[in-house]
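Here's the structure, in structure tokens; my notes come after.
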Amino acid sequence: MINMVNQPLLINGIEIDNRVVFQPMEGCDGNSDGSIGELTHRRYMRFAESGAGIIWFEAVAVTPEGRANPRQLYISDVTKESFSNLISEMKARAIELYGKAPIIIAQLTHSGRYARPIDVPAPIVAYRNSIWEAGREGQNYTIATDEYLDTISSKYAVASTLACEVGFDGVDVKCCHGYLFNEFLSAYNREGNYGGSFENRTRLYFDAVSAVKANMPEGKILTTRLNISDCFPYGYGWGVNKDGSVNLDETKLIMDKLADQGVEMINFSIGNPYVIPHINRPHNGITPESPATALNRIYNATAELQAYRPSMKIVSSALTYLGEKCMEYAGEMLDKRVCQLVGFGRMTFAYPSFYQDFKNNGFLDKKKCCICCSKCTELMRAGSVSGCPIRDKDTYLPLYMSKVMKK
Ligand SMILES: Cc1cc2nc3c(=O)[nH]c(=O)nc-3n(C[C@H](O)[C@H](O)[C@H](O)COP(=O)(O)O)c2cc1C
Ligand code: SF4
């Protein structure tokens with residue numbers, strides 16, 4: 001039987017060799033001006049050697065106040081050369097190894113309430129949300145004004161133009177995980193142009209999508225990473241029923257509007273990793289539900305959305321929990337048309353050569369797989385650079401010992 005994982009696919013007319021997507025994974029290892037750092041370079045060169053069809057570059061800020069941390073990448077006139085150098089090196093290396101470069105997508109972001117550039121006394125939010133803010137009671141917030149929001153789409157247009165200029169093959173207007181655009185989807189009670197109706201709650205996002213599209217050169221891909229649902233009780237998140245279960249009605253409306261804008265590929269994710277990480281990235285810690293429940297939720301919702309628009313190239317998320325069985329599971333998802341592309345996050349940190357091993361040997365090496373221990377997230381939350389202290393010990397274990405264990 002043909003293994004669907006190894007099958008080529010056309011995305012906006014560009015062919016990729018296989019269905020493997022390296023999901024965006026922030027390393028928090030850029031330089032203070034937002035340019036590519038030493039560890040950023042190391043990670044992406046390892047990714048370039050993976051043979052994956054798509055490398056979905058991590059969150060890159062479009063504006064300094066939207067940076068998630070002082071080391072988050074930020075694309076600007078000052079930093080563009082470092083991006084350009086990295087992308088050309090990545091493509092050259094992939095061509096040397098496989099005769100073909102992967103598609104590389106830039107994920108553009110404003111981190112909103114989770115933005116922590118150097119010193120931010122009051123992060124920018126859409127509205128106050130007691131569930132998202134639980135445990136952060138001492139924090140002050142600034143509710144974004146409509147005037148400020150009116151300026152955001154032009155920042156996306158500038159960043160997107162730069163991203164295309166430096167060699168990215170496409171641009172993702174990020175709308176997931178509780179960051180600014182995603183938060184606005186649930187601004188049901190906000191007054192003004194950006195809250196209340198579906199049209200208003202999606203205005204910020206679609207203004208950016210349109211601005212990016214209007215400035216995008218021929219041959220580049222417009223795409224998005226979108227939350228299927230936020231999975232909070234109704235009123236505290238988007239895409240839910242009154243009982244908190246997933247409701248895909250508005251997700252489908254967004255898909256329709258994206259299709260009208262020529263978007264062919266959508267990368268679906270779910271939840272908010274700051275509040276309910278077990279839903280977003282099933283892991284082995286103590287959690288309020290089993291990882292199987294989380295996996296089934298995202299599987300079923302992805303299947304329904306792929307069936308809703310069969311021609312769209314849907315990327316699945318959260319496959320790493322399956323460990324050495326993740327490629328078999330991915331193959332089944334593709335066979336059953338649950339999605340058309342299979343996305344891997346933590347596995348890329350732990351075992352960047354997993355796809356080559358699968359292709360060459362037919363199986364993954366259990367000793368190299370991610371064990372879903374969340375140490376990479378702990379590093380990130382401790383304000384450190386992030387990577388895998390388990391499988392990439394020499395580089396990240398000393399950091400874990402000093403930044404996390406000593407706290
Ligand atoms: C350390 C870390 C950094 C991440 N950075 C990003 C990011 O920059 N953008 C994004 O959309 N998702 C990010 N994610 C989420 C992953 O892309 C992915 O959705 C998640 O890990 C679940 O997939 P997995 O089970 O394959 O790991 C990050 C996750 C982790 C653990
Ligand atoms: S630190 Fe743990 S969860 Fe993160 S990539 Fe490594 S093994 Fe996986």
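Chain labels A, B, ... are given in the sequence in which chains occur in the structure tokens; within each chain residues are numbered consecutively from 1, and ligands are likewise numbered from 1 in the order shown.
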Contacts of chain A with ligand 1 up to 6 Å, shortest pair per row, only C-alpha atoms and all ligand atoms, as a Markdown table:
| residue | atom | partner | partner_atom_place_in_ligand_line | distance |
| --- | --- | --- | --- | --- |
| A:Gln23 | CA | ligand 1 | 17 (O) | 4.6 |
| A:Pro24 | CA | ligand 1 | 9 (N) | 4.4 |
| A:Met25 | CA | ligand 1 | 5 (N) | 3.5 |
| A:Glu26 | CA | ligand 1 | 5 (N) | 3.8 |
| A:Glu58 | CA | ligand 1 | 8 (O) | 3.9 |
| A:Ala59 | CA | ligand 1 | 8 (O) | 4.0 |
| A:Ser269 | CA | ligand 1 | 19 (O) | 5.9 |
| A:Asn280 | CA | ligand 1 | 22 (C) | 5.8 |
| A:Arg281 | CA | ligand 1 | 22 (C) | 4.2 |
| A:Ser317 | CA | ligand 1 | 23 (O) | 5.2 |
| A:Ala318 | CA | ligand 1 | 25 (O) | 3.1 |
| A:Leu319 | CA | ligand 1 | 26 (O) | 4.5 |
| A:Thr320 | CA | ligand 1 | 26 (O) | 3.9 |
| A:Tyr321 | CA | ligand 1 | 25 (O) | 5.4 |
| A:Phe344 | CA | ligand 1 | 26 (O) | 3.8 |
| A:Gly345 | CA | ligand 1 | 26 (O) | 3.5 |
| A:Arg346 | CA | ligand 1 | 27 (O) | 3.8 |
| A:Cys376 | CA | ligand 1 | 1 (C) | 5.0 |
| A:Thr377 | CA | ligand 1 | 1 (C) | 4.7 |
| A:Ser386 | CA | ligand 1 | 1 (C) | 5.9 |
May I ask you to write as a ChimeraX atom specification all residues lying at most 12 Å from ligand 2, with only C-alpha atoms and all ligand atoms counted? /A:25-27,277-278,281-285,318-323,344-352,366-380,386-393,395-397,399-400
Using C-alpha atoms, can you write the selected residues to a file as a PDB file, in the first residue's frame?
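So the final result, stored in result_20.pdb, reads:
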ATOM      1  CA  MET A  25       8.394  25.910  17.536  1.00  0.00           C
ATOM      2  CA  GLU A  26       9.705  29.017  19.207  1.00  0.00           C
ATOM      3  CA  GLY A  27      13.244  28.715  20.527  1.00  0.00           C
ATOM      4  CA  PRO A 277      -1.534  23.104  27.738  1.00  0.00           C
ATOM      5  CA  HIS A 278      -2.823  19.506  27.968  1.00  0.00           C
ATOM      6  CA  ARG A 281       0.012  19.610  23.420  1.00  0.00           C
ATOM      7  CA  PRO A 282      -0.998  16.387  25.156  1.00  0.00           C
ATOM      8  CA  HIS A 283       1.699  15.459  27.670  1.00  0.00           C
ATOM      9  CA  ASN A 284       2.582  13.012  30.403  1.00  0.00           C
ATOM     10  CA  GLY A 285       2.105  15.217  33.473  1.00  0.00           C
ATOM     11  CA  ALA A 318      -0.398  17.494  18.174  1.00  0.00           C
ATOM     12  CA  LEU A 319       0.948  14.225  16.777  1.00  0.00           C
ATOM     13  CA  THR A 320       4.065  14.077  18.937  1.00  0.00           C
ATOM     14  CA  TYR A 321       2.306  12.377  21.844  1.00  0.00           C
ATOM     15  CA  LEU A 322       2.105   9.223  19.716  1.00  0.00           C
ATOM     16  CA  GLY A 323       5.908   8.821  20.078  1.00  0.00           C
ATOM     17  CA  PHE A 344       4.923  17.669  14.272  1.00  0.00           C
ATOM     18  CA  GLY A 345       5.983  20.089  16.993  1.00  0.00           C
ATOM     19  CA  ARG A 346       7.977  18.753  19.944  1.00  0.00           C
ATOM     20  CA  MET A 347       9.265  15.806  17.891  1.00  0.00           C
ATOM     21  CA  THR A 348      11.246  18.283  15.774  1.00  0.00           C
ATOM     22  CA  PHE A 349      13.123  19.542  18.846  1.00  0.00           C
ATOM     23  CA  ALA A 350      13.830  16.050  20.153  1.00  0.00           C
ATOM     24  CA  TYR A 351      14.472  14.165  16.929  1.00  0.00           C
ATOM     25  CA  PRO A 352      14.788  16.409  13.868  1.00  0.00           C
ATOM     26  CA  LYS A 366      12.254   5.033  20.307  1.00  0.00           C
ATOM     27  CA  LYS A 367      15.377   6.246  22.103  1.00  0.00           C
ATOM     28  CA  LYS A 368      15.356   9.467  20.082  1.00  0.00           C
ATOM     29  CA  CYS A 369      11.630  10.269  20.318  1.00  0.00           C
ATOM     30  CA  CYS A 370      10.127  13.088  22.351  1.00  0.00           C
ATOM     31  CA  ILE A 371       8.790  11.792  25.674  1.00  0.00           C
ATOM     32  CA  CYS A 372       6.320  14.668  26.196  1.00  0.00           C
ATOM     33  CA  CYS A 373       7.888  15.729  29.490  1.00  0.00           C
ATOM     34  CA  SER A 374       7.262  19.494  28.907  1.00  0.00           C
ATOM     35  CA  LYS A 375      10.833  20.492  29.805  1.00  0.00           C
ATOM     36  CA  CYS A 376      11.124  22.578  26.623  1.00  0.00           C
ATOM     37  CA  THR A 377       8.054  24.536  27.745  1.00  0.00           C
ATOM     38  CA  GLU A 378       9.455  24.880  31.266  1.00  0.00           C
ATOM     39  CA  LEU A 379      12.605  26.397  29.785  1.00  0.00           C
ATOM     40  CA  MET A 380      10.541  28.870  27.786  1.00  0.00           C
ATOM     41  CA  SER A 386      14.099  26.662  24.531  1.00  0.00           C
ATOM     42  CA  GLY A 387      15.116  23.260  23.205  1.00  0.00           C
ATOM     43  CA  CYS A 388      15.144  19.629  24.277  1.00  0.00           C
ATOM     44  CA  PRO A 389      17.185  18.896  27.424  1.00  0.00           C
ATOM     45  CA  ILE A 390      16.348  15.181  27.067  1.00  0.00           C
ATOM     46  CA  ARG A 391      17.410  14.365  23.511  1.00  0.00           C
ATOM     47  CA  ASP A 392      19.639  17.355  22.792  1.00  0.00           C
ATOM     48  CA  LYS A 393      21.407  17.155  26.126  1.00  0.00           C
ATOM     49  CA  THR A 395      23.112  22.007  24.346  1.00  0.00           C
ATOM     50  CA  TYR A 396      20.029  22.270  26.566  1.00  0.00           C
ATOM     51  CA  LEU A 397      20.508  20.179  29.722  1.00  0.00           C
ATOM     52  CA  LEU A 399      20.503  25.422  30.594  1.00  0.00           C
ATOM     53  CA  TYR A 400      17.662  23.431  32.144  1.00  0.00           C
TER      54      TYR A 400
END
Please provide as a PyMOL selection string all residues within 12 Å of Asp29 of chain A, with the sequence filter that same-chain residues fewer than 2 positions apart are discarded (counting only C-alpha atoms). chain A and resi 25-27+31-44+58-60+68-74+379-380+383-387+396
Rank A:Val263, A:Ala187, A:Ile221, A:Ile131 by their smallest atom-to-atom distance to Ile143 of chain A, using only C-alpha atoms, and report the top residue only. A:Ala187
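The residue that comes closest to Cys175 of chain A, out of A:Asn227, A:Thr79, A:Ser311, A:Asn241 and on the basis of only C-alpha atoms, is A:Asn227.
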Residues of segment 229-265 of chain A in helix (DSSP H, G or I) according to DSSP, as number ranges by chain? A: 249-260
Deliver the residues from the most recent selection as a file, using C-alpha atoms, as a short mmCIF file (atom, residue, chain, number, x, y, z; two decimals), in the first residue's frame.
data_model
loop_
_atom_site.label_atom_id
_atom_site.label_comp_id
_atom_site.auth_asym_id
_atom_site.auth_seq_id
_atom_site.Cartn_x
_atom_site.Cartn_y
_atom_site.Cartn_z
CA ASP A 249 -19.81 26.87 13.12
CA GLU A 250 -17.68 30.02 13.18
CA THR A 251 -14.51 28.11 12.30
CA LYS A 252 -16.28 27.05 9.10
CA LEU A 253 -17.36 30.63 8.40
CA ILE A 254 -13.73 31.70 8.75
CA MET A 255 -12.66 28.92 6.37
CA ASP A 256 -15.17 30.23 3.81
CA LYS A 257 -13.81 33.75 4.09
CA LEU A 258 -10.22 32.51 3.87
CA ALA A 259 -11.06 30.50 0.74
CA ASP A 260 -12.46 33.70 -0.79
#
Per residue of segment 83-109 of chain A within 9 Å of segment 164-172 of chain A, note the shortest atom pair and the distance in Å to one decimal, counting only C-alpha atoms, and order the rows by chain and increasing residue number, as a tab-separated table.
residue	atom	partner	partner_atom	distance
A:Phe83	CA	A:Val166	CA	6.3
A:Ser84	CA	A:Val166	CA	4.3
A:Asn85	CA	A:Val166	CA	8.1
A:Ile87	CA	A:Gly167	CA	6.2
A:Ser88	CA	A:Gly167	CA	7.2
A:Ile103	CA	A:Asp169	CA	5.8
A:Ile104	CA	A:Asp169	CA	5.4
A:Ile105	CA	A:Gly170	CA	4.7
A:Ala106	CA	A:Val171	CA	4.8
A:Gln107	CA	A:Asp172	CA	4.6
A:Leu108	CA	A:Asp172	CA	5.9
A:Thr109	CA	A:Asp172	CA	8.6
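Atom CA of Gly244 of chain A sits 18.1 Å away from atom CA of Glu133 of chain A.
With atom CA of Phe198 of chain A on one side and atom CA of Trp56 of chain A on the other, the separation reads 28.4 Å.
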Excluding Ala94 of chain A and any residue of its chain fewer than 2 positions from it, enumerate the residues within 10 Å of it, using only C-alpha atoms, and give them as a PyMOL selection string. chain A and resi 45+47-52+88-92+96-102
